[in-house]
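Structure below is my_file_22.txt: compact mmCIF, C-alpha atoms.
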```
# COMPACT_ATOMS: atom_id res chain seq x y z
CA MET U 1 154.88 239.15 340.15
CA ASN U 2 154.99 242.80 339.01
CA ASP U 3 156.35 242.66 335.47
CA PRO U 4 159.82 241.43 336.52
CA PHE U 5 161.09 241.44 332.95
CA LYS U 6 163.27 244.19 331.57
CA GLN U 7 163.78 244.67 327.86
CA ALA U 8 167.48 243.98 327.27
CA ALA U 9 167.07 244.14 323.49
CA ALA U 10 164.29 244.46 320.94
CA ASN U 11 163.52 240.74 321.13
CA ARG U 12 164.97 239.71 324.51
CA LYS U 13 163.67 239.81 328.06
CA VAL U 14 165.65 239.34 331.25
CA LEU U 15 164.40 238.16 334.65
CA THR U 16 165.97 237.43 338.01
CA ALA U 17 163.95 234.96 340.07
CA GLY U 18 162.76 236.07 343.49
CA GLU U 19 163.37 234.37 346.82
CA ASP U 20 160.18 232.33 346.54
CA ALA U 21 160.82 231.08 343.00
CA ALA U 22 160.28 227.34 342.51
CA GLY U 23 158.83 224.76 340.17
CA ARG U 24 159.35 223.81 336.54
CA LEU U 25 160.94 226.28 334.16
CA ASP U 26 158.06 226.27 331.65
CA SER U 27 155.45 226.84 334.35
CA PHE U 28 157.47 229.58 336.01
CA LEU U 29 158.03 231.51 332.78
CA THR U 30 154.42 231.12 331.67
CA GLU U 31 153.23 232.73 334.90
CA ALA U 32 155.95 235.40 334.76
CA LEU U 33 154.92 236.40 331.26
CA SER U 34 151.32 236.81 332.46
CA GLY U 35 149.75 234.88 329.63
CA GLU U 36 151.71 236.58 326.84
CA PHE U 37 152.62 233.10 325.61
CA SER U 38 150.96 229.75 326.26
CA ARG U 39 152.79 227.11 328.26
CA ASN U 40 153.21 225.03 325.09
CA ARG U 41 154.77 228.03 323.32
CA ILE U 42 157.13 228.62 326.25
CA LYS U 43 158.07 224.93 326.23
CA SER U 44 158.79 225.17 322.50
CA LEU U 45 161.01 228.22 323.01
CA ILE U 46 162.95 226.37 325.72
CA GLU U 47 163.45 223.30 323.50
CA GLN U 48 164.67 225.56 320.69
CA GLY U 49 167.36 226.98 322.96
CA ALA U 50 165.80 230.42 323.27
CA VAL U 51 166.07 230.44 327.08
CA SER U 52 169.27 230.76 329.12
CA ILE U 53 169.74 230.42 332.88
CA ASN U 54 172.71 232.23 334.37
CA GLY U 55 174.21 232.62 330.92
CA LYS U 56 173.87 228.98 329.85
CA PRO U 57 171.23 227.78 327.35
CA VAL U 58 168.75 225.21 328.64
CA THR U 59 166.56 222.92 326.57
CA GLU U 60 164.63 221.03 329.28
CA ALA U 61 161.25 222.53 330.16
CA LYS U 62 161.12 220.51 333.39
CA LYS U 63 164.32 222.01 334.78
CA LYS U 64 163.77 223.29 338.33
CA VAL U 65 163.92 227.02 338.99
CA GLN U 66 166.08 228.25 341.86
CA PRO U 67 165.86 231.57 343.76
CA GLY U 68 168.25 234.09 342.26
CA ASP U 69 168.39 232.42 338.83
CA ARG U 70 168.83 234.93 335.99
CA PHE U 71 166.87 234.15 332.85
CA GLU U 72 167.29 235.50 329.34
CA ILE U 73 164.50 234.78 326.86
CA ASP U 74 164.97 235.41 323.15
CA LEU U 75 161.48 236.14 321.90
CA PRO U 76 160.57 235.27 318.31
CA GLU U 77 160.33 238.03 315.75
CA PRO U 78 156.92 238.52 314.13
CA GLU U 79 156.46 235.82 311.55
CA ASP U 80 154.70 235.74 308.23
CA PRO U 81 152.08 233.09 309.07
CA GLU U 82 152.00 231.79 305.52
CA PRO U 83 155.10 231.66 303.32
CA LYS U 84 154.32 232.75 299.78
CA GLY U 85 155.37 230.99 296.61
CA GLU U 86 158.36 232.46 294.79
CA ASP U 87 159.66 231.59 291.33
CA ILE U 88 163.03 230.23 292.43
CA PRO U 89 164.52 227.56 290.13
CA LEU U 90 164.65 224.02 291.53
CA ASP U 91 167.04 221.24 290.46
CA VAL U 92 164.59 218.33 290.58
CA LEU U 93 165.94 214.77 290.45
CA TYR U 94 162.61 212.98 290.86
CA GLU U 95 158.98 213.82 291.50
CA ASP U 96 155.67 211.99 291.85
CA ASP U 97 152.38 212.47 293.71
CA HIS U 98 153.98 211.64 297.06
CA LEU U 99 157.36 213.35 297.14
CA ILE U 100 159.93 215.46 295.36
CA VAL U 101 163.71 214.89 295.41
CA LEU U 102 165.92 217.85 294.59
CA VAL U 103 169.43 219.25 294.88
CA LYS U 104 169.65 222.26 297.19
CA PRO U 105 172.37 224.72 296.19
CA ALA U 106 174.67 226.34 298.72
CA GLY U 107 173.33 229.68 299.89
CA LEU U 108 169.65 228.66 299.89
CA VAL U 109 167.91 228.57 303.29
CA VAL U 110 165.54 225.60 303.66
CA HIS U 111 162.61 227.24 305.48
CA PRO U 112 161.64 230.76 306.60
CA GLY U 113 163.07 232.03 309.87
CA ALA U 114 164.57 235.10 311.51
CA GLY U 115 166.28 237.16 308.85
CA ASN U 116 165.14 234.85 306.05
CA TRP U 117 161.39 235.22 305.64
CA THR U 118 161.57 235.01 301.84
CA GLY U 119 163.83 233.48 299.22
CA THR U 120 163.86 230.03 300.87
CA LEU U 121 163.46 226.51 299.55
CA VAL U 122 159.95 226.45 301.04
CA ASN U 123 159.00 229.53 299.00
CA ALA U 124 160.31 227.79 295.88
CA LEU U 125 158.43 224.58 296.69
CA ILE U 126 155.14 226.40 297.25
CA HIS U 127 155.49 228.01 293.82
CA HIS U 128 156.45 224.68 292.22
CA CYS U 129 153.86 222.46 293.93
CA GLY U 130 150.99 224.89 294.43
CA ASN U 131 148.47 224.30 297.21
CA SER U 132 149.32 220.61 297.53
CA LEU U 133 151.88 221.36 300.27
CA SER U 134 149.44 223.35 302.42
CA GLY U 135 149.47 222.19 306.04
CA ILE U 136 151.86 219.27 305.56
CA GLY U 137 154.26 219.35 308.50
CA GLY U 138 153.32 222.85 309.62
CA VAL U 139 152.81 226.22 307.99
CA LYS U 140 156.43 227.37 308.13
CA ARG U 141 157.97 224.09 306.96
CA PRO U 142 155.43 222.48 304.62
CA GLY U 143 156.66 219.10 303.44
CA ILE U 144 160.09 219.42 305.05
CA VAL U 145 161.27 216.23 306.79
CA HIS U 146 164.99 217.03 307.06
CA ARG U 147 167.22 219.99 306.31
CA LEU U 148 170.66 221.09 305.20
CA ASP U 149 172.51 224.13 306.49
CA LYS U 150 172.22 227.23 304.33
CA GLU U 151 175.76 226.88 302.97
CA THR U 152 175.64 223.09 302.55
CA SER U 153 174.60 221.77 299.14
CA GLY U 154 173.09 218.42 298.29
CA VAL U 155 170.17 216.02 297.93
CA MET U 156 166.94 216.51 299.86
CA VAL U 157 163.53 214.82 299.82
CA VAL U 158 160.29 216.71 300.50
CA ALA U 159 156.89 215.16 301.23
CA LYS U 160 153.83 216.16 299.18
CA ASN U 161 151.11 214.67 301.39
CA ASP U 162 150.57 213.88 305.07
CA ALA U 163 151.09 210.12 304.74
CA ALA U 164 154.40 210.62 302.95
CA HIS U 165 155.47 213.18 305.53
CA ARG U 166 154.79 210.82 308.44
CA HIS U 167 156.53 207.89 306.72
CA LEU U 168 159.62 209.86 305.74
CA SER U 169 159.82 211.60 309.12
CA ASP U 170 159.78 208.21 310.85
CA GLN U 171 162.63 207.02 308.63
CA PHE U 172 164.78 210.05 309.47
CA ALA U 173 163.95 209.70 313.17
CA ASP U 174 165.10 206.07 313.00
CA HIS U 175 168.36 207.16 311.31
CA GLY U 176 168.27 204.12 309.04
CA ARG U 177 168.83 201.67 311.87
CA THR U 178 165.90 199.46 310.80
CA GLY U 179 165.37 200.54 307.21
CA PRO U 180 167.20 201.58 304.03
CA LEU U 181 167.62 205.27 304.91
CA GLU U 182 171.19 206.40 304.30
CA ARG U 183 172.82 209.82 303.98
CA ALA U 184 176.34 210.37 302.70
CA TYR U 185 178.36 213.56 302.41
CA ARG U 186 181.67 214.64 300.91
CA ALA U 187 183.72 217.15 302.88
CA VAL U 188 187.08 218.77 302.14
CA VAL U 189 188.97 219.13 305.42
CA TRP U 190 192.25 220.50 306.63
CA GLY U 191 194.87 217.84 307.31
CA ARG U 192 194.25 214.10 307.31
CA PRO U 193 192.73 212.04 310.09
CA ARG U 194 195.30 209.68 311.58
CA GLN U 195 192.96 206.78 310.95
CA LEU U 196 191.86 206.74 307.32
CA LYS U 197 188.54 205.17 308.32
CA GLY U 198 186.76 205.51 311.62
CA THR U 199 183.78 206.53 313.73
CA ILE U 200 183.31 209.71 315.74
CA ASP U 201 180.96 209.07 318.65
CA ALA U 202 180.69 212.36 320.53
CA PRO U 203 177.49 213.92 321.93
CA LEU U 204 176.59 217.40 320.73
CA GLY U 205 174.84 220.31 322.41
CA ARG U 206 174.55 224.06 322.19
CA ALA U 207 177.69 226.16 322.45
CA GLY U 208 176.50 229.34 324.14
CA ASP U 209 174.07 230.55 321.48
CA ARG U 210 171.07 229.33 319.51
CA THR U 211 172.97 228.12 316.44
CA LYS U 212 176.51 227.01 317.23
CA ARG U 213 177.14 223.48 318.51
CA ALA U 214 179.93 221.79 320.47
CA VAL U 215 180.91 218.36 321.71
CA LYS U 216 179.49 217.87 325.20
CA ARG U 217 179.92 215.50 328.12
CA GLU U 218 177.34 212.73 328.10
CA ASP U 219 175.87 213.97 331.37
CA SER U 220 175.36 217.54 330.11
CA ASP U 221 171.76 218.74 330.19
CA ASP U 222 171.55 219.25 326.42
CA ALA U 223 173.89 216.47 325.22
CA ARG U 224 172.41 214.45 322.37
CA GLU U 225 173.89 211.32 320.83
CA ALA U 226 175.83 212.03 317.63
CA ILE U 227 177.66 209.43 315.54
CA THR U 228 179.52 210.04 312.27
CA HIS U 229 181.29 207.36 310.23
CA TYR U 230 184.04 208.73 307.98
CA GLU U 231 186.56 207.53 305.40
CA VAL U 232 189.37 209.47 303.73
CA VAL U 233 188.93 209.12 299.96
CA GLU U 234 191.63 211.49 298.68
CA ARG U 235 194.69 213.23 300.15
CA TYR U 236 196.42 216.43 298.98
CA LEU U 237 200.04 217.54 299.43
CA GLU U 238 200.90 214.38 301.33
CA LYS U 239 204.23 214.32 303.16
CA PRO U 240 206.63 211.39 303.70
CA ASP U 241 205.38 211.01 307.28
CA GLY U 242 201.87 210.28 305.97
CA THR U 243 200.32 213.61 306.94
CA SER U 244 198.53 215.74 304.35
CA LEU U 245 197.69 219.41 304.10
CA ALA U 246 194.10 218.59 303.16
CA SER U 247 191.81 215.64 302.40
CA THR U 248 188.44 214.76 300.96
CA VAL U 249 186.43 212.73 303.45
CA GLU U 250 183.23 210.76 302.91
CA CYS U 251 180.88 210.85 305.89
CA HIS U 252 177.86 208.67 306.65
CA LEU U 253 175.52 209.82 309.39
CA GLU U 254 174.17 207.46 312.01
CA THR U 255 172.45 210.41 313.67
CA GLY U 256 171.42 213.77 312.24
CA ARG U 257 172.30 216.61 314.59
CA THR U 258 172.69 220.26 313.69
CA HIS U 259 176.20 220.92 312.29
CA GLN U 260 177.13 217.32 313.12
CA ILE U 261 179.82 216.72 310.47
CA ARG U 262 181.26 220.21 310.87
CA VAL U 263 181.61 219.89 314.65
CA HIS U 264 182.80 216.28 314.61
CA MET U 265 185.55 216.88 312.05
CA ALA U 266 186.71 219.98 313.94
CA HIS U 267 186.62 217.93 317.16
CA ILE U 268 189.22 215.48 315.79
CA GLY U 269 191.36 218.35 314.52
CA HIS U 270 190.29 218.48 310.88
CA PRO U 271 187.72 221.24 310.33
CA LEU U 272 186.13 221.78 306.95
CA ILE U 273 187.85 224.19 304.59
CA GLY U 274 185.93 227.46 304.47
CA ASP U 275 183.89 226.79 307.63
CA PRO U 276 183.43 230.22 309.26
CA GLU U 277 182.20 228.80 312.57
CA TYR U 278 184.41 225.80 313.29
CA GLY U 279 187.42 226.26 311.01
CA ALA U 280 188.33 229.94 311.27
CA ALA U 281 191.55 229.21 313.18
CA PHE U 282 192.83 227.15 310.24
CA ARG U 283 192.51 229.86 307.56
CA THR U 284 196.22 230.65 307.61
CA LYS U 285 196.98 227.10 306.42
CA ALA U 286 196.14 228.38 302.93
CA ASN U 287 199.52 230.17 303.05
CA LEU U 288 201.20 226.76 302.80
CA LEU U 289 199.67 226.17 299.36
CA PRO U 290 201.12 227.10 295.96
CA ASP U 291 199.78 230.46 294.75
CA ALA U 292 197.12 229.05 292.39
CA ALA U 293 195.62 226.75 295.02
CA LYS U 294 196.00 229.40 297.72
CA ALA U 295 193.87 231.81 295.67
CA VAL U 296 191.07 229.25 295.28
CA VAL U 297 191.08 228.21 298.94
CA SER U 298 191.25 231.81 300.21
CA GLN U 299 188.15 232.70 298.19
CA PHE U 300 186.15 229.66 299.35
CA HIS U 301 183.82 231.23 301.92
CA ARG U 302 181.49 228.40 302.92
CA GLN U 303 181.96 225.04 304.59
CA ALA U 304 183.17 222.58 301.93
CA LEU U 305 180.32 220.12 302.49
CA HIS U 306 178.04 218.42 299.98
CA ALA U 307 175.28 215.88 300.69
CA PHE U 308 175.97 213.78 297.61
CA MET U 309 173.81 210.72 298.36
CA LEU U 310 170.38 210.06 299.87
CA GLN U 311 168.60 206.72 300.06
CA PHE U 312 165.18 205.99 301.58
CA GLU U 313 162.10 203.81 301.30
CA HIS U 314 159.34 205.25 299.12
CA PRO U 315 156.42 205.93 301.47
CA ALA U 316 153.80 204.54 299.08
CA THR U 317 155.51 201.78 297.08
CA GLY U 318 158.07 200.52 299.60
CA GLU U 319 160.74 200.71 296.91
CA THR U 320 164.27 201.68 297.95
CA MET U 321 165.02 204.99 296.25
CA HIS U 322 168.66 206.00 295.72
CA PHE U 323 169.81 209.42 294.53
CA GLU U 324 173.19 211.05 294.03
CA ALA U 325 174.12 214.62 293.14
CA PRO U 326 177.42 215.57 291.48
CA MET U 327 179.84 217.84 293.28
CA PRO U 328 178.80 221.50 292.89
CA ASP U 329 181.04 223.71 290.77
CA ASP U 330 182.71 225.55 293.65
CA MET U 331 183.71 222.38 295.48
CA ALA U 332 184.81 220.72 292.24
CA ALA U 333 187.06 223.72 291.57
CA LEU U 334 188.41 223.55 295.13
CA ILE U 335 189.29 219.88 294.76
CA GLU U 336 190.85 220.44 291.32
CA ALA U 337 193.05 223.20 292.75
CA LEU U 338 194.22 220.92 295.58
CA GLN U 339 194.85 218.06 293.16
CA ALA U 340 196.91 220.33 290.90
CA ALA U 341 199.01 221.43 293.87
CA THR U 342 199.78 217.89 294.93
```
With the file now loaded, output its structure as structure tokens.
Amino acid sequence: MNDPFKQAAANRKVLTAGEDAAGRLDSFLTEALSGEFSRNRIKSLIEQGAVSINGKPVTEAKKKVQPGDRFEIDLPEPEDPEPKGEDIPLDVLYEDDHLIVLVKPAGLVVHPGAGNWTGTLVNALIHHCGNSLSGIGGVKRPGIVHRLDKETSGVMVVAKNDAAHRHLSDQFADHGRTGPLERAYRAVVWGRPRQLKGTIDAPLGRAGDRTKRAVKREDSDDAREAITHYEVVERYLEKPDGTSLASTVECHLETGRTHQIRVHMAHIGHPLIGDPEYGAAFRTKANLLPDAAKAVVSQFHRQALHAFMLQFEHPATGETMHFEAPMPDDMAALIEALQAAT
């Protein structure tokens, strides 16, 4: 194969498979790249959604290649192999030799990645914890066992040694089905779900790019189980017919997929206020609010989502640990404005 790739962008390569193309996707691309990346690295890129076939992302390395298939591969940007400590303030709720529990503010990225190689929670943790995090869970994500979106605030737990990392990771992988792990969020959404309490059971997968998600058919290649339990806890500007202009909803996760609450609430017609990805079409609803509330809502430029509660089993003592974080100032102000308009 004579260098079939063409540079379509600074970090993207494009390939059209020849008439004799066959075999697994990871094997095919490894050979096509002539050893530029190992097969394991290619497999990782596929699982991360960095490879598309005929314009559709694929996440299965074993997918069969067909003659004429057109591949697009988003290659990783050069990475800093070792994140450096940075003096970024941390809101610590609890800390011992095994773990640290903290409140992540909105706007803080959890770990280094494309476009965010510094100024992350990991950089802050390295500064706070020193060398104790080195190598735990990987260089780029030392100690990280779960994450929150950049613009989502709330409680997180970070491991400080390998045993704690394994134990906590197992709990999150189990989603609390056999242990005390529990995660609860508060979200401010447009409208009011018809059922004040319910469960959204809708598989999620990629939506045409590496970050956005969408509800998928169960038989889709990248569909992954996603279950959210929700309950309406407060309604704003309620009408005689029982509908509301907005609501605060409490969500408990049975699974932990990327953007799960944001996609699920949008799927049932009630996207989060301020969500730029899944709620943009609802922005004009702010025009239905009194001027004071309209001003607050119009200036709220992140998804109104806060991970207010986290519960887990301590990896060393077996004790059930329960933590809650108060609503951040911006969401508290948003709720106050909606309450005042009611």
*Using all atoms listed in the file, what residues lie at most 10 Å away from (182.2, 210.9, 315.0) (file coordinates), given as a ChimeraX atom specification?*
/U:198-203,226-230,251-255,260-261,263-265,267-268
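Every protein or nucleic acid residue with an atom no more than 12 Å from Ala280 in chain U, counting all atoms listed in the file and leaving out same-chain residues fewer than 6 positions away, appears here: Trp190, Ala266, His270, Pro271, Leu272, Ile273, Gly274, Ala286, Ser298, His301, Arg302 and Gln303 of chain U.
Residues within 10 Å of Pro328 in chain U, counting only C-alpha atoms and excluding same-chain residues fewer than 3 positions away, are Val103, Pro105, Ala106, Ser153, Gly154, Leu305, His306, Phe308, Ala325, Met331, Ala332 and Ala333 of chain U.
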*Do you know which residues are at most 10 Å from Gln339 in chain U counting all atoms listed in the file, after dropping those on the same chain fewer than 5 positions away, and could you put them as a ChimeraX atom specification?*
/U:234-237,293,333-334
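Among the candidate residues U:Val145, U:Ala214, U:Leu29, U:Gly119, the one lying nearest to Arg166 in chain U is U:Val145, with distances computed using all atoms listed in the file.
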*What is the CA of Leu196 in chain U to CA of Met309 in chain U distance in Å?*
20.5 Å
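Nearest to Arg70 in chain U of all the residues U:Gln311, U:Thr16, U:Gln48, U:Thr118 is U:Thr16, based on only C-alpha atoms.
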Test item: axis-aligned box, all listed atoms of range 227-232 of chain U, 4 Å on each side, centre and edges in Å rounded to one decimal, as JSON:
```
{"center_x": 183.5, "center_y": 208.7, "center_z": 309.6, "size_x": 19.7, "size_y": 10.7, "size_z": 19.8}
```
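For the pair CA of Lys62 in chain U and CA of Gly18 in chain U, the interatomic distance is 18.6 Å.
Residues in contact with Pro142 in chain U at up to 8 Å, not including ones fewer than 6 positions away on its chain and judged by all atoms listed in the file, are Val122, Leu133, Ser134, Gly135 and Ile136 of chain U.
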All residues 8 Å or closer to Glu47 in chain U, all atoms listed in the file, same chain fewer than 5 positions away omitted, as a CSV table (one decimal) with C-alpha atoms, in the coordinates of the input:
```
chain,number,residue,atom,x,y,z
U,58,VAL,CA,168.8,225.2,328.6
U,59,THR,CA,166.6,222.9,326.6
U,60,GLU,CA,164.6,221.0,329.3
U,61,ALA,CA,161.2,222.5,330.2
```
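If you measure from each of U:Arg41, U:Arg262, U:His314, U:Arg194 to Thr152 in chain U using only C-alpha atoms, the closest one turns out to be U:Arg262.
Reported to one decimal place, the separation of CA of Lys160 in chain U from CA of Phe312 in chain U is 15.4 Å.
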Can you list every residue of range 125-146 of chain U that has an atom at most 7 Å from range 82-101 of chain U, with its nearest atom pair and the distance in Å to one decimal, using all atoms listed in the file, ordered by chain then number, as CSV?
```
residue,atom,partner,partner_atom,distance
U:Ile126,CA,U:Gly85,CA,4.6
U:His127,CA,U:Gly85,CA,4.1
U:Val139,CA,U:Glu82,CA,6.1
U:Lys140,CA,U:Pro83,CA,6.6
```
Is it possible to add N, CA, C and O atoms to range 119-135 of chain U and hand it back as a short mmCIF file (atom, residue, chain, number, x, y, z; two decimals), keeping the file's coordinate frame?
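New file result.cif:
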```cif
data_model
loop_
_atom_site.label_atom_id
_atom_site.label_comp_id
_atom_site.auth_asym_id
_atom_site.auth_seq_id
_atom_site.Cartn_x
_atom_site.Cartn_y
_atom_site.Cartn_z
N GLY U 119 162.68 233.99 299.96
CA GLY U 119 163.83 233.48 299.22
C GLY U 119 164.32 232.13 299.71
O GLY U 119 165.49 231.78 299.51
N THR U 120 163.45 231.33 300.33
CA THR U 120 163.86 230.03 300.87
C THR U 120 163.41 228.89 299.96
O THR U 120 162.63 229.07 299.02
N LEU U 121 163.88 227.69 300.28
CA LEU U 121 163.46 226.51 299.55
C LEU U 121 161.95 226.31 299.67
O LEU U 121 161.29 225.92 298.70
N VAL U 122 161.40 226.58 300.85
CA VAL U 122 159.95 226.45 301.04
C VAL U 122 159.20 227.38 300.09
O VAL U 122 158.20 226.98 299.49
N ASN U 123 159.65 228.61 299.95
CA ASN U 123 159.00 229.53 299.00
C ASN U 123 159.04 228.98 297.58
O ASN U 123 158.07 229.07 296.84
N ALA U 124 160.18 228.38 297.21
CA ALA U 124 160.31 227.79 295.88
C ALA U 124 159.39 226.60 295.71
O ALA U 124 158.77 226.41 294.66
N LEU U 125 159.28 225.77 296.76
CA LEU U 125 158.43 224.58 296.69
C LEU U 125 156.95 224.95 296.59
O LEU U 125 156.19 224.29 295.86
N ILE U 126 156.54 225.97 297.32
CA ILE U 126 155.14 226.40 297.25
C ILE U 126 154.81 226.85 295.83
O ILE U 126 153.74 226.54 295.29
N HIS U 127 155.71 227.58 295.21
CA HIS U 127 155.49 228.01 293.82
C HIS U 127 155.44 226.81 292.88
O HIS U 127 154.59 226.73 291.99
N HIS U 128 156.35 225.84 293.11
CA HIS U 128 156.45 224.68 292.22
C HIS U 128 155.28 223.71 292.39
O HIS U 128 154.74 223.20 291.40
N CYS U 129 154.86 223.48 293.64
CA CYS U 129 153.86 222.46 293.93
C CYS U 129 152.45 223.01 294.10
O CYS U 129 151.49 222.23 294.15
N GLY U 130 152.32 224.32 294.24
CA GLY U 130 150.99 224.89 294.43
C GLY U 130 150.44 224.60 295.80
O GLY U 130 151.17 224.44 296.78
N ASN U 131 149.13 224.48 295.92
CA ASN U 131 148.47 224.30 297.21
C ASN U 131 148.62 222.91 297.80
O ASN U 131 148.19 222.66 298.92
N SER U 132 149.23 221.98 297.05
CA SER U 132 149.32 220.61 297.53
C SER U 132 150.15 220.48 298.80
O SER U 132 150.01 219.52 299.55
N LEU U 133 151.04 221.43 299.08
CA LEU U 133 151.88 221.36 300.27
C LEU U 133 151.20 221.94 301.50
O LEU U 133 151.71 221.79 302.61
N SER U 134 150.08 222.61 301.33
CA SER U 134 149.44 223.35 302.42
C SER U 134 149.18 222.47 303.64
O SER U 134 148.51 221.44 303.56
N GLY U 135 149.75 222.87 304.78
CA GLY U 135 149.47 222.19 306.04
C GLY U 135 150.28 220.96 306.31
O GLY U 135 150.19 220.39 307.39
#
```
